[in-house]
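**Q** My structure is in coords-v4.cif, and what it holds is mmCIF, C-alpha atoms:
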data_start
#
loop_
_atom_site.group_PDB
_atom_site.id
_atom_site.type_symbol
_atom_site.label_atom_id
_atom_site.label_comp_id
_atom_site.auth_asym_id
_atom_site.auth_seq_id
_atom_site.Cartn_x
_atom_site.Cartn_y
_atom_site.Cartn_z
ATOM 1 C CA MET A 1 -75.461 75.416 -38.259
ATOM 2 C CA SER A 2 -76.111 77.841 -41.092
ATOM 3 C CA LEU A 3 -73.871 78.548 -44.046
ATOM 4 C CA VAL A 4 -72.812 81.818 -42.448
ATOM 5 C CA CYS A 5 -71.782 79.927 -39.287
ATOM 6 C CA LEU A 6 -69.651 77.554 -41.383
ATOM 7 C CA GLN A 7 -68.095 80.486 -43.188
ATOM 8 C CA PHE A 8 -67.457 82.257 -39.883
ATOM 9 C CA ARG A 9 -65.710 79.215 -38.393
ATOM 10 C CA LYS A 10 -63.628 78.710 -41.497
ATOM 11 C CA LEU A 11 -62.545 82.344 -41.286
ATOM 12 C CA ALA A 12 -61.878 82.000 -37.556
ATOM 13 C CA ARG A 13 -59.448 79.163 -38.324
ATOM 14 C CA GLU A 14 -57.867 81.006 -41.230
ATOM 15 C CA GLY A 15 -57.478 84.061 -39.024
ATOM 16 C CA GLN A 16 -54.663 82.226 -37.243
ATOM 17 C CA ASP A 17 -52.532 82.389 -40.386
ATOM 18 C CA ARG A 18 -53.511 85.676 -42.022
ATOM 19 C CA SER A 19 -55.212 88.962 -41.353
ATOM 20 C CA PHE A 20 -58.790 89.554 -42.511
ATOM 21 C CA THR A 21 -59.850 91.809 -45.335
ATOM 22 C CA GLU A 22 -62.160 94.658 -44.445
ATOM 23 C CA LYS A 23 -65.147 92.770 -45.845
ATOM 24 C CA GLU A 24 -64.288 89.633 -43.904
ATOM 25 C CA ALA A 25 -63.786 91.587 -40.696
ATOM 26 C CA ASP A 26 -67.239 93.199 -41.115
ATOM 27 C CA LEU A 27 -68.839 89.809 -41.722
ATOM 28 C CA MET A 28 -67.117 88.363 -38.637
ATOM 29 C CA GLU A 29 -68.159 91.308 -36.483
ATOM 30 C CA ALA A 30 -71.777 91.122 -37.596
ATOM 31 C CA HIS A 31 -72.001 87.373 -37.092
ATOM 32 C CA ARG A 32 -70.245 87.489 -33.715
ATOM 33 C CA ALA A 33 -72.953 89.788 -32.410
ATOM 34 C CA LYS A 34 -75.701 87.581 -33.804
ATOM 35 C CA CYS A 35 -74.459 84.059 -32.930
ATOM 36 C CA PRO A 36 -73.054 83.454 -29.426
ATOM 37 C CA ARG A 37 -72.080 79.849 -30.260
ATOM 38 C CA CYS A 38 -69.833 80.972 -33.086
ATOM 39 C CA ALA A 39 -68.391 83.711 -30.859
ATOM 40 C CA ASP A 40 -67.593 81.019 -28.282
ATOM 41 C CA TYR A 41 -66.054 78.885 -30.997
ATOM 42 C CA GLU A 42 -63.777 81.712 -32.009
ATOM 43 C CA THR A 43 -62.843 82.439 -28.400
ATOM 44 C CA SER A 44 -61.994 78.806 -27.737
ATOM 45 C CA MET A 45 -59.982 78.552 -30.972
ATOM 46 C CA VAL A 46 -57.923 81.613 -30.082
ATOM 47 C CA GLY A 47 -57.674 80.643 -26.409
ATOM 48 C CA SER A 48 -56.477 77.099 -27.097
ATOM 49 C CA LEU A 49 -53.760 78.302 -29.437
ATOM 50 C CA ILE A 50 -52.617 81.039 -27.050
ATOM 51 C CA SER A 51 -52.444 78.410 -24.356
ATOM 52 C CA LEU A 52 -50.387 76.159 -26.641
ATOM 53 C CA ARG A 53 -47.989 78.943 -27.619
ATOM 54 C CA GLY A 54 -47.496 79.893 -24.006
ATOM 55 C CA SER A 55 -46.515 76.427 -22.890
ATOM 56 C CA GLU A 56 -42.916 76.328 -24.074
ATOM 57 C CA LEU A 57 -40.602 74.379 -21.808
ATOM 58 C CA PRO A 58 -37.314 75.870 -20.589
ATOM 59 C CA ILE A 59 -34.407 74.665 -22.713
ATOM 60 C CA GLU A 60 -31.353 74.484 -20.546
ATOM 61 C CA ALA A 61 -29.096 71.655 -21.585
ATOM 62 C CA ALA A 62 -27.394 69.617 -18.880
ATOM 63 C CA GLU A 63 -23.880 70.595 -17.867
ATOM 64 C CA GLY A 64 -21.245 69.247 -20.245
ATOM 65 C CA TYR A 65 -23.897 68.328 -22.784
ATOM 66 C CA THR A 66 -22.055 69.750 -25.797
ATOM 67 C CA MET A 67 -18.768 68.009 -24.994
ATOM 68 C CA ARG A 68 -20.495 64.714 -24.232
ATOM 69 C CA VAL A 69 -22.415 64.751 -27.515
ATOM 70 C CA ALA A 70 -19.355 65.865 -29.490
ATOM 71 C CA LYS A 71 -17.207 63.055 -28.087
ATOM 72 C CA LYS A 72 -19.896 60.475 -28.722
ATOM 73 C CA ALA A 73 -20.408 61.716 -32.281
ATOM 74 C CA TRP A 74 -16.651 61.752 -32.853
ATOM 75 C CA VAL A 75 -16.275 58.144 -31.660
ATOM 76 C CA VAL A 76 -19.179 56.966 -33.823
ATOM 77 C CA CYS A 77 -17.767 58.785 -36.868
ATOM 78 C CA GLN A 78 -14.300 57.337 -36.250
ATOM 79 C CA ARG A 79 -15.750 53.847 -36.067
ATOM 80 C CA ASP A 80 -17.237 54.322 -39.506
ATOM 81 C CA THR A 81 -13.872 55.035 -41.106
ATOM 82 C CA ALA A 82 -11.622 52.373 -42.670
ATOM 83 C CA ARG A 83 -8.611 53.900 -40.877
ATOM 84 C CA TYR A 84 -10.119 52.963 -37.518
ATOM 85 C CA TRP A 85 -10.679 49.347 -38.512
ATOM 86 C CA SER A 86 -7.475 48.798 -40.588
ATOM 87 C CA PRO A 87 -5.240 47.521 -37.687
ATOM 88 C CA ALA A 88 -7.969 45.137 -36.613
ATOM 89 C CA LEU A 89 -8.483 43.974 -40.195
ATOM 90 C CA CYS A 90 -4.724 43.394 -40.646
ATOM 91 C CA GLY A 91 -4.585 41.459 -37.370
ATOM 92 C CA ALA A 92 -7.565 39.370 -38.364
ATOM 93 C CA ALA A 93 -5.963 38.609 -41.755
ATOM 94 C CA VAL A 94 -2.675 37.500 -40.129
ATOM 95 C CA ALA A 95 -4.546 35.377 -37.579
ATOM 96 C CA GLY A 96 -6.583 33.818 -40.375
ATOM 97 C CA LEU A 97 -3.469 32.909 -42.344
ATOM 98 C CA LEU A 98 -1.866 31.392 -39.247
ATOM 99 C CA LEU A 99 -4.986 29.360 -38.580
ATOM 100 C CA ILE A 100 -5.040 28.012 -42.131
ATOM 101 C CA ALA A 101 -1.345 27.062 -41.834
ATOM 102 C CA LEU A 102 -2.001 25.258 -38.534
ATOM 103 C CA VAL A 103 -4.926 23.329 -39.985
ATOM 104 C CA GLN A 104 -2.804 22.304 -42.956
ATOM 105 C CA LEU A 105 -0.002 21.112 -40.687
ATOM 106 C CA ALA A 106 -2.384 19.192 -38.426
ATOM 107 C CA ASN A 107 -3.902 17.367 -41.404
ATOM 108 C CA ARG A 108 -0.601 16.501 -42.994
ATOM 109 C CA GLY A 109 1.118 15.359 -39.742
ATOM 110 C CA ARG A 110 0.432 11.673 -40.387
ATOM 111 C CA GLU A 111 1.665 11.833 -43.884
ATOM 112 C CA VAL A 112 5.001 13.385 -43.031
ATOM 113 C CA ASN A 113 6.581 10.137 -41.728
ATOM 114 C CA TYR A 114 4.530 7.774 -43.802
ATOM 115 C CA PHE A 115 6.709 5.531 -45.947
ATOM 116 C CA ARG A 116 5.192 4.538 -49.239
ATOM 117 C CA PRO A 117 7.154 1.699 -50.872
ATOM 118 C CA THR A 118 7.386 1.905 -54.592
ATOM 119 C CA THR A 119 7.218 -1.901 -54.994
ATOM 120 C CA GLN A 120 5.237 -4.580 -53.211
ATOM 121 C CA ASP A 121 8.333 -6.261 -51.921
ATOM 122 C CA ALA A 122 8.326 -4.591 -48.622
ATOM 123 C CA ARG A 123 5.777 -2.550 -46.727
ATOM 124 C CA ARG A 124 6.044 -0.854 -43.403
ATOM 125 C CA TYR A 125 2.923 -0.512 -41.262
ATOM 126 C CA PRO A 126 2.359 3.074 -40.284
ATOM 127 C CA SER A 127 0.848 2.385 -36.855
ATOM 128 C CA LEU A 128 3.164 2.147 -33.898
ATOM 129 C CA ASP A 129 1.228 -0.510 -31.978
ATOM 130 C CA ARG A 130 2.591 -3.262 -34.230
ATOM 131 C CA ASP A 131 6.191 -4.148 -34.805
ATOM 132 C CA PRO A 132 7.391 -3.405 -38.243
ATOM 133 C CA MET A 133 7.724 -6.573 -40.234
ATOM 134 C CA LEU A 134 8.280 -7.585 -43.788
ATOM 135 C CA LEU A 135 5.480 -9.218 -45.703
ATOM 136 C CA LEU A 136 8.004 -11.769 -46.957
ATOM 137 C CA ASP A 137 8.588 -13.022 -43.394
ATOM 138 C CA HIS A 138 6.115 -15.911 -43.793
ATOM 139 C CA ARG A 139 8.541 -17.575 -46.186
ATOM 140 C CA LEU A 140 11.098 -17.774 -43.388
ATOM 141 C CA ALA A 141 8.699 -19.237 -40.849
ATOM 142 C CA PRO A 142 9.249 -22.922 -39.970
ATOM 143 C CA MET B 1 -27.256 101.618 -42.509
ATOM 144 C CA LEU B 2 -23.937 100.735 -40.947
ATOM 145 C CA GLU B 3 -25.651 98.413 -38.496
ATOM 146 C CA SER B 4 -27.523 96.533 -41.213
ATOM 147 C CA ARG B 5 -24.287 96.193 -43.173
ATOM 148 C CA ASN B 6 -22.604 94.769 -40.077
ATOM 149 C CA ILE B 7 -25.424 92.263 -39.656
ATOM 150 C CA VAL B 8 -25.040 91.134 -43.275
ATOM 151 C CA PHE B 9 -21.283 90.746 -42.861
ATOM 152 C CA SER B 10 -21.737 88.885 -39.593
ATOM 153 C CA ALA B 11 -24.229 86.457 -41.228
ATOM 154 C CA PHE B 12 -21.778 85.957 -44.092
ATOM 155 C CA ASP B 13 -18.971 85.296 -41.609
ATOM 156 C CA ASN B 14 -21.117 82.818 -39.724
ATOM 157 C CA ALA B 15 -21.961 80.932 -42.899
ATOM 158 C CA ALA B 16 -18.311 80.824 -43.986
ATOM 159 C CA GLN B 17 -17.240 79.738 -40.517
ATOM 160 C CA GLU B 18 -19.848 76.973 -40.524
ATOM 161 C CA ARG B 19 -18.658 75.707 -43.897
ATOM 162 C CA ALA B 20 -15.098 75.631 -42.562
ATOM 163 C CA TRP B 21 -16.223 73.686 -39.495
ATOM 164 C CA LEU B 22 -18.082 71.218 -41.703
ATOM 165 C CA ALA B 23 -14.986 70.663 -43.801
ATOM 166 C CA ARG B 24 -12.998 69.988 -40.626
ATOM 167 C CA CYS B 25 -15.760 67.687 -39.344
ATOM 168 C CA ARG B 26 -15.435 65.556 -42.442
ATOM 169 C CA GLN B 27 -11.800 65.013 -41.497
ATOM 170 C CA GLY B 28 -12.827 63.987 -37.981
ATOM 171 C CA ASP B 29 -12.059 67.166 -36.054
ATOM 172 C CA LEU B 30 -13.581 67.045 -32.564
ATOM 173 C CA GLU B 31 -13.297 70.789 -31.992
ATOM 174 C CA ALA B 32 -15.265 71.607 -35.140
ATOM 175 C CA MET B 33 -17.982 69.183 -34.059
ATOM 176 C CA THR B 34 -18.150 70.884 -30.665
ATOM 177 C CA MET B 35 -18.541 74.293 -32.281
ATOM 178 C CA LEU B 36 -21.332 73.082 -34.565
ATOM 179 C CA ILE B 37 -23.166 71.414 -31.677
ATOM 180 C CA GLU B 38 -22.824 74.573 -29.603
ATOM 181 C CA ARG B 39 -24.304 76.633 -32.432
ATOM 182 C CA HIS B 40 -27.302 74.414 -33.220
ATOM 183 C CA ARG B 41 -28.161 72.720 -29.941
ATOM 184 C CA GLY B 42 -30.480 75.501 -28.693
ATOM 185 C CA ARG B 43 -32.851 75.303 -31.614
ATOM 186 C CA LEU B 44 -32.903 71.510 -31.723
ATOM 187 C CA LEU B 45 -33.411 71.196 -27.975
ATOM 188 C CA ARG B 46 -36.264 73.689 -28.030
ATOM 189 C CA THR B 47 -38.043 71.904 -30.871
ATOM 190 C CA ALA B 48 -37.507 68.467 -29.354
ATOM 191 C CA SER B 49 -38.750 69.534 -25.928
ATOM 192 C CA ASN B 50 -41.808 71.215 -27.445
ATOM 193 C CA LEU B 51 -42.597 68.084 -29.397
ATOM 194 C CA LEU B 52 -41.814 65.493 -26.753
ATOM 195 C CA ARG B 53 -42.654 67.596 -23.675
ATOM 196 C CA ASP B 54 -39.794 65.980 -21.777
ATOM 197 C CA ARG B 55 -36.432 67.647 -21.254
ATOM 198 C CA PHE B 56 -34.420 64.456 -20.852
ATOM 199 C CA GLU B 57 -36.003 62.745 -23.815
ATOM 200 C CA ALA B 58 -35.388 65.901 -25.822
ATOM 201 C CA GLU B 59 -31.682 65.791 -24.899
ATOM 202 C CA ASP B 60 -31.513 62.152 -25.998
ATOM 203 C CA VAL B 61 -33.178 62.853 -29.326
ATOM 204 C CA THR B 62 -31.023 65.905 -29.963
ATOM 205 C CA GLN B 63 -27.902 63.859 -29.263
ATOM 206 C CA ASP B 64 -29.103 61.180 -31.693
ATOM 207 C CA ALA B 65 -29.833 63.874 -34.271
ATOM 208 C CA PHE B 66 -26.302 65.288 -34.006
ATOM 209 C CA ILE B 67 -24.726 61.837 -34.226
ATOM 210 C CA LYS B 68 -26.856 60.869 -37.225
ATOM 211 C CA GLY B 69 -26.168 64.246 -38.817
ATOM 212 C CA PHE B 70 -22.386 63.965 -38.496
ATOM 213 C CA ARG B 71 -22.387 60.323 -39.497
ATOM 214 C CA GLU B 72 -24.287 60.996 -42.697
ATOM 215 C CA LEU B 73 -22.525 64.247 -43.489
ATOM 216 C CA GLY B 74 -21.510 62.781 -46.830
ATOM 217 C CA LYS B 75 -25.150 62.865 -47.927
ATOM 218 C CA LEU B 76 -25.296 66.647 -47.445
ATOM 219 C CA ARG B 77 -24.911 68.185 -50.899
ATOM 220 C CA ASP B 78 -24.865 71.834 -49.899
ATOM 221 C CA ASP B 79 -23.107 72.847 -46.690
ATOM 222 C CA ARG B 80 -25.296 75.937 -46.431
ATOM 223 C CA ALA B 81 -28.265 73.624 -45.776
ATOM 224 C CA PHE B 82 -26.681 72.041 -42.708
ATOM 225 C CA SER B 83 -29.041 73.741 -40.259
ATOM 226 C CA GLY B 84 -32.167 72.549 -42.088
ATOM 227 C CA TYR B 85 -30.653 69.117 -42.562
ATOM 228 C CA LEU B 86 -30.082 68.752 -38.794
ATOM 229 C CA TYR B 87 -33.514 70.135 -38.041
ATOM 230 C CA ARG B 88 -35.217 67.619 -40.331
ATOM 231 C CA ILE B 89 -33.341 64.739 -38.721
ATOM 232 C CA CYS B 90 -34.361 65.968 -35.270
ATOM 233 C CA VAL B 91 -38.053 66.335 -36.218
ATOM 234 C CA ARG B 92 -38.115 62.856 -37.744
ATOM 235 C CA LEU B 93 -36.494 61.309 -34.697
ATOM 236 C CA CYS B 94 -39.045 63.073 -32.484
ATOM 237 C CA MET B 95 -41.871 61.752 -34.653
ATOM 238 C CA ASP B 96 -40.472 58.230 -34.393
ATOM 239 C CA ARG B 97 -40.451 58.571 -30.600
ATOM 240 C CA LEU B 98 -43.985 59.926 -30.565
ATOM 241 C CA ARG B 99 -45.211 57.103 -32.799
ATOM 242 C CA SER B 100 -43.727 54.526 -30.470
ATOM 243 C CA LYS B 101 -45.747 55.957 -27.573
ATOM 244 C CA ARG B 102 -49.396 55.096 -27.119
ATOM 245 C CA PRO B 103 -51.805 58.021 -26.969
ATOM 246 C CA GLU B 104 -52.948 58.595 -23.400
ATOM 247 C CA VAL B 105 -56.594 58.759 -22.515
ATOM 248 C CA ILE B 106 -56.949 61.332 -19.752
ATOM 249 C CA GLU B 107 -60.061 62.511 -18.049
ATOM 250 C CA PHE B 108 -60.101 66.105 -16.924
ATOM 251 C CA ASP B 109 -61.730 67.526 -13.890
ATOM 252 C CA ALA B 110 -63.464 70.683 -15.069
ATOM 253 C CA SER B 111 -63.374 72.120 -11.564
ATOM 254 C CA GLN B 112 -59.574 72.232 -11.601
ATOM 255 C CA PRO B 113 -58.207 75.696 -12.292
ATOM 256 C CA SER B 114 -56.317 75.733 -15.563
ATOM 257 C CA GLY B 115 -55.796 77.634 -18.786
ATOM 258 C CA GLY B 116 -53.478 80.281 -17.384
ATOM 259 C CA ILE B 117 -50.001 80.877 -18.733
ATOM 260 C CA GLY B 118 -47.987 79.030 -16.134
ATOM 261 C CA VAL B 119 -47.096 75.620 -14.800
ATOM 262 C CA GLU B 120 -50.723 74.462 -14.855
ATOM 263 C CA ASN B 121 -51.080 75.508 -18.460
ATOM 264 C CA LYS B 122 -47.956 73.564 -19.397
ATOM 265 C CA VAL B 123 -49.297 70.440 -17.704
ATOM 266 C CA VAL B 124 -52.691 70.782 -19.395
ATOM 267 C CA VAL B 125 -51.133 71.367 -22.812
ATOM 268 C CA GLU B 126 -48.834 68.374 -22.312
ATOM 269 C CA LYS B 127 -51.808 66.159 -21.537
ATOM 270 C CA LEU B 128 -53.791 67.478 -24.477
ATOM 271 C CA LEU B 129 -50.928 67.041 -26.913
ATOM 272 C CA SER B 130 -50.385 63.480 -25.728
ATOM 273 C CA GLN B 131 -53.848 62.652 -27.026
ATOM 274 C CA LEU B 132 -53.096 63.756 -30.564
ATOM 275 C CA PRO B 133 -51.507 61.402 -33.113
ATOM 276 C CA ALA B 134 -47.816 62.029 -33.824
ATOM 277 C CA GLU B 135 -48.401 63.634 -37.249
ATOM 278 C CA LEU B 136 -51.036 66.098 -36.020
ATOM 279 C CA ARG B 137 -49.055 66.925 -32.902
ATOM 280 C CA THR B 138 -45.871 67.594 -34.845
ATOM 281 C CA THR B 139 -47.658 69.762 -37.406
ATOM 282 C CA LEU B 140 -49.391 71.790 -34.704
ATOM 283 C CA VAL B 141 -46.249 72.315 -32.631
ATOM 284 C CA LEU B 142 -44.053 73.243 -35.598
ATOM 285 C CA ARG B 143 -46.584 75.753 -36.858
ATOM 286 C CA GLU B 144 -47.882 77.245 -33.619
ATOM 287 C CA MET B 145 -44.918 77.018 -31.266
ATOM 288 C CA GLU B 146 -41.959 77.037 -33.641
ATOM 289 C CA GLN B 147 -43.675 79.561 -35.913
ATOM 290 C CA LEU B 148 -42.571 77.795 -39.091
ATOM 291 C CA SER B 149 -44.259 78.562 -42.395
ATOM 292 C CA TYR B 150 -46.355 75.897 -44.144
ATOM 293 C CA GLU B 151 -43.499 75.291 -46.576
ATOM 294 C CA GLU B 152 -40.976 74.857 -43.779
ATOM 295 C CA VAL B 153 -43.259 72.429 -41.935
ATOM 296 C CA ALA B 154 -43.732 70.472 -45.171
ATOM 297 C CA LEU B 155 -39.973 70.311 -45.684
ATOM 298 C CA ALA B 156 -39.278 69.256 -42.100
ATOM 299 C CA MET B 157 -41.930 66.548 -42.156
ATOM 300 C CA HIS B 158 -41.245 65.498 -45.746
ATOM 301 C CA VAL B 159 -44.893 65.885 -46.844
ATOM 302 C CA PRO B 160 -46.641 68.128 -49.398
ATOM 303 C CA VAL B 161 -47.859 71.583 -48.331
ATOM 304 C CA GLY B 162 -51.475 70.503 -48.913
ATOM 305 C CA THR B 163 -51.046 67.719 -46.375
ATOM 306 C CA VAL B 164 -49.678 70.220 -43.850
ATOM 307 C CA ARG B 165 -52.696 72.446 -44.442
ATOM 308 C CA SER B 166 -55.208 69.661 -43.895
ATOM 309 C CA ARG B 167 -53.339 68.223 -40.898
ATOM 310 C CA LEU B 168 -53.117 71.637 -39.298
ATOM 311 C CA HIS B 169 -56.826 72.190 -39.778
ATOM 312 C CA THR B 170 -57.618 68.849 -38.107
ATOM 313 C CA ALA B 171 -55.040 69.356 -35.365
ATOM 314 C CA ARG B 172 -56.304 72.823 -34.441
ATOM 315 C CA GLU B 173 -59.891 71.610 -34.319
ATOM 316 C CA ARG B 174 -59.062 68.554 -32.207
ATOM 317 C CA PHE B 175 -56.845 70.545 -29.908
ATOM 318 C CA ARG B 176 -59.584 73.153 -29.457
ATOM 319 C CA ARG B 177 -62.143 70.503 -28.524
ATOM 320 C CA LEU B 178 -59.781 68.884 -26.042
ATOM 321 C CA TRP B 179 -58.901 72.271 -24.592
ATOM 322 C CA VAL B 180 -62.574 73.203 -24.146
ATOM 323 C CA GLU B 181 -63.157 69.868 -22.444
ATOM 324 C CA ALA B 182 -60.132 70.410 -20.209
ATOM 325 C CA VAL B 183 -60.844 73.957 -19.087
ATOM 326 C CA GLY B 184 -64.569 73.328 -18.710
ATOM 327 C CA GLU B 185 -65.806 75.811 -21.249
ATOM 328 C CA ASN B 186 -68.464 75.378 -23.936
#
Transcribe the structure of this file into structure tokens.
**A**
Amino acid sequence: MSLVCLQFRKLAREGQDRSFTEKEADLMEAHRAKCPRCADYETSMVGSLISLRGSELPIEAAEGYTMRVAKKAWVVCQRDTARYWSPALCGAAVAGLLLIALVQLANRGREVNYFRPTTQDARRYPSLDRDPMLLLDHRLAP
Amino acid sequence: MLESRNIVFSAFDNAAQERAWLARCRQGDLEAMTMLIERHRGRLLRTASNLLRDRFEAEDVTQDAFIKGFRELGKLRDDRAFSGYLYRICVRLCMDRLRSKRPEVIEFDASQPSGGIGVENKVVVEKLLSQLPAELRTTLVLREMEQLSYEEVALAMHVPVGTVRSRLHTARERFRRLWVEAVGEN
């Protein structure tokens, strides 16, 4: 491939974006007559792009497309706002507080009725499977 | 003279109307969203179907583009740029879809009639485009089918103009070779 062929092909590609100057057009015309391979190259370049441009697909949206998309977008946007989540957040906060209160009550249940004597004179056993008795009882035993 | 003045006023009205719709959209107005979708869906659907060559996939991508666009409306600094902003989102989503697909290797039968402007041509072009990488395909389609300028393609694809130029050169050359192979010419 000669330098002129390279120049011709470069111009053939550039010709898709701009029009040729008079000098360029003369050069193209002269080379086209001389070199059938470059003429074919130009034809295929133009032909392929015409084929591409002519292959647009029809663009009819499905029925109800706009409304469907708008509703979906609206829902997604609403979900992003704090106003949408605020009732749920309040509910979750109340439920959390209730749960903490319940856990506290469950842990402290044993302690509520637990009698702690201030002296060692008498002590009551907290478990129910034994009868309450005084530690001093052994003194009374026979 | 009067007609051109009317066109200018109408464009001004459209822009003002769009800004009003955008303001309402930010407050979560469904009707304003519908109006904006109605106005822009044609262009986005056309671009997406040219890029993806599938009507249903194009509808999906366009829907995603609208949702993403409305969701990130806060990022839009200038309301006048809404159209371009939506377009860029749509092109990027299409490119993501194209990247996730593997390029098809298709063998053509040179004896098959093709190359005409019709259904056959659309099928051939679809097959040829599927063999190009996502970047080259997008550049070629935006420039040749959407008739965007180099600067507009660069903006839509978020690349420098020089990159668009070189990609377009490669894409045209590859597409030409594939086309010659497909239609059985030399």
**Q** Using all atoms listed in the file, find the residues of chain B whose closest atom to chain A is at most 9 Å away, then write them as a ChimeraX atom specification.
**A** /B:25,28-31,33-35,37-38,41-42,45-46,49-50,53-56,59,63-64,66-68,70-71,115-119,121-123,125-126,141,144-146,169,172-173,175-180,185-186
**Q** Kindly export the residues of the current selection with C-alpha atoms, as an mmCIF file, in the frame of the given file.
**A**
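part06.cif was written with the following content:
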data_model
loop_
_atom_site.group_PDB
_atom_site.id
_atom_site.type_symbol
_atom_site.label_atom_id
_atom_site.label_comp_id
_atom_site.auth_asym_id
_atom_site.auth_seq_id
_atom_site.Cartn_x
_atom_site.Cartn_y
_atom_site.Cartn_z
ATOM 1 C CA CYS B 25 -15.760 67.687 -39.344
ATOM 2 C CA GLY B 28 -12.827 63.987 -37.981
ATOM 3 C CA ASP B 29 -12.059 67.166 -36.054
ATOM 4 C CA LEU B 30 -13.581 67.045 -32.564
ATOM 5 C CA GLU B 31 -13.297 70.789 -31.992
ATOM 6 C CA MET B 33 -17.982 69.183 -34.059
ATOM 7 C CA THR B 34 -18.150 70.884 -30.665
ATOM 8 C CA MET B 35 -18.541 74.293 -32.281
ATOM 9 C CA ILE B 37 -23.166 71.414 -31.677
ATOM 10 C CA GLU B 38 -22.824 74.573 -29.603
ATOM 11 C CA ARG B 41 -28.161 72.720 -29.941
ATOM 12 C CA GLY B 42 -30.480 75.501 -28.693
ATOM 13 C CA LEU B 45 -33.411 71.196 -27.975
ATOM 14 C CA ARG B 46 -36.264 73.689 -28.030
ATOM 15 C CA SER B 49 -38.750 69.534 -25.928
ATOM 16 C CA ASN B 50 -41.808 71.215 -27.445
ATOM 17 C CA ARG B 53 -42.654 67.596 -23.675
ATOM 18 C CA ASP B 54 -39.794 65.980 -21.777
ATOM 19 C CA ARG B 55 -36.432 67.647 -21.254
ATOM 20 C CA PHE B 56 -34.420 64.456 -20.852
ATOM 21 C CA GLU B 59 -31.682 65.791 -24.899
ATOM 22 C CA GLN B 63 -27.902 63.859 -29.263
ATOM 23 C CA ASP B 64 -29.103 61.180 -31.693
ATOM 24 C CA PHE B 66 -26.302 65.288 -34.006
ATOM 25 C CA ILE B 67 -24.726 61.837 -34.226
ATOM 26 C CA LYS B 68 -26.856 60.869 -37.225
ATOM 27 C CA PHE B 70 -22.386 63.965 -38.496
ATOM 28 C CA ARG B 71 -22.387 60.323 -39.497
ATOM 29 C CA GLY B 115 -55.796 77.634 -18.786
ATOM 30 C CA GLY B 116 -53.478 80.281 -17.384
ATOM 31 C CA ILE B 117 -50.001 80.877 -18.733
ATOM 32 C CA GLY B 118 -47.987 79.030 -16.134
ATOM 33 C CA VAL B 119 -47.096 75.620 -14.800
ATOM 34 C CA ASN B 121 -51.080 75.508 -18.460
ATOM 35 C CA LYS B 122 -47.956 73.564 -19.397
ATOM 36 C CA VAL B 123 -49.297 70.440 -17.704
ATOM 37 C CA VAL B 125 -51.133 71.367 -22.812
ATOM 38 C CA GLU B 126 -48.834 68.374 -22.312
ATOM 39 C CA VAL B 141 -46.249 72.315 -32.631
ATOM 40 C CA GLU B 144 -47.882 77.245 -33.619
ATOM 41 C CA MET B 145 -44.918 77.018 -31.266
ATOM 42 C CA GLU B 146 -41.959 77.037 -33.641
ATOM 43 C CA HIS B 169 -56.826 72.190 -39.778
ATOM 44 C CA ARG B 172 -56.304 72.823 -34.441
ATOM 45 C CA GLU B 173 -59.891 71.610 -34.319
ATOM 46 C CA PHE B 175 -56.845 70.545 -29.908
ATOM 47 C CA ARG B 176 -59.584 73.153 -29.457
ATOM 48 C CA ARG B 177 -62.143 70.503 -28.524
ATOM 49 C CA LEU B 178 -59.781 68.884 -26.042
ATOM 50 C CA TRP B 179 -58.901 72.271 -24.592
ATOM 51 C CA VAL B 180 -62.574 73.203 -24.146
ATOM 52 C CA GLU B 185 -65.806 75.811 -21.249
ATOM 53 C CA ASN B 186 -68.464 75.378 -23.936
#
**Q** Using all atoms listed in the file, which of B:Thr139, B:Thr47, B:Gln27, B:Thr170 sits nearest Val153 in chain B?
**A**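 Closest to Val153 in chain B, using all atoms listed in the file: B:Thr139.
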**Q** So, counting all atoms listed in the file, which residue among A:Ala30, A:Ile100, A:Ala93, A:Ala106 is closest to Val4 in chain A?
**A**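 Closest to Val4 in chain A of all the choices is A:Ala30.
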**Q** For CA of Ala171 in chain B and CA of Leu136 in chain B, quote the distance in Å rounded to one decimal.
**A**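 Value for the CA of Ala171 in chain B-CA of Leu136 in chain B distance: 5.2 Å.
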**Q** With 5 Å on each side, where is the centre of the axis-aligned box around all listed atoms of range 14-31 of chain A, and how long are its edges in Å to one decimal, as AutoDock Vina command-line options?
**A**
--center_x -62.3 --center_y 87.8 --center_z -41.2 --size_x 29.5 --size_y 23.7 --size_z 19.4
**Q** Between CA of Ala156 in chain B and CA of Asp60 in chain B, what distance in Å does the model show, to one decimal?
**A**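 Computing it gives 19.2 Å between the two atoms.
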**Q** When you look at range 81-89 of chain B with a cut-off of 10 Å (counting all atoms listed in the file), what residues show up, excluding the ones that are within fewer than 4 positions of it in the same chain? I need them as number ranges by chain.
**A** B: 18-19, 22, 36, 39-41, 43-44, 47-48, 61-62, 64-70, 73, 75-77, 93-95, 152-153, 155-158
**Q** Neighbouring residues of range 18-27 of chain A were defined as those with any atom within 12 Å, considering all atoms listed in the file; residues of the same chain fewer than 3 positions away were excluded. Please report them as a VMD selection string.
**A** (chain A and resid 4 to 5 7 to 15 30 to 35) or (chain B and resid 149)
**Q** Between CA of Lys127 in chain B and CA of Leu98 in chain B, measure the distance and give it in Å to one decimal.
**A**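 Distance between the two atoms: 13.5 Å.
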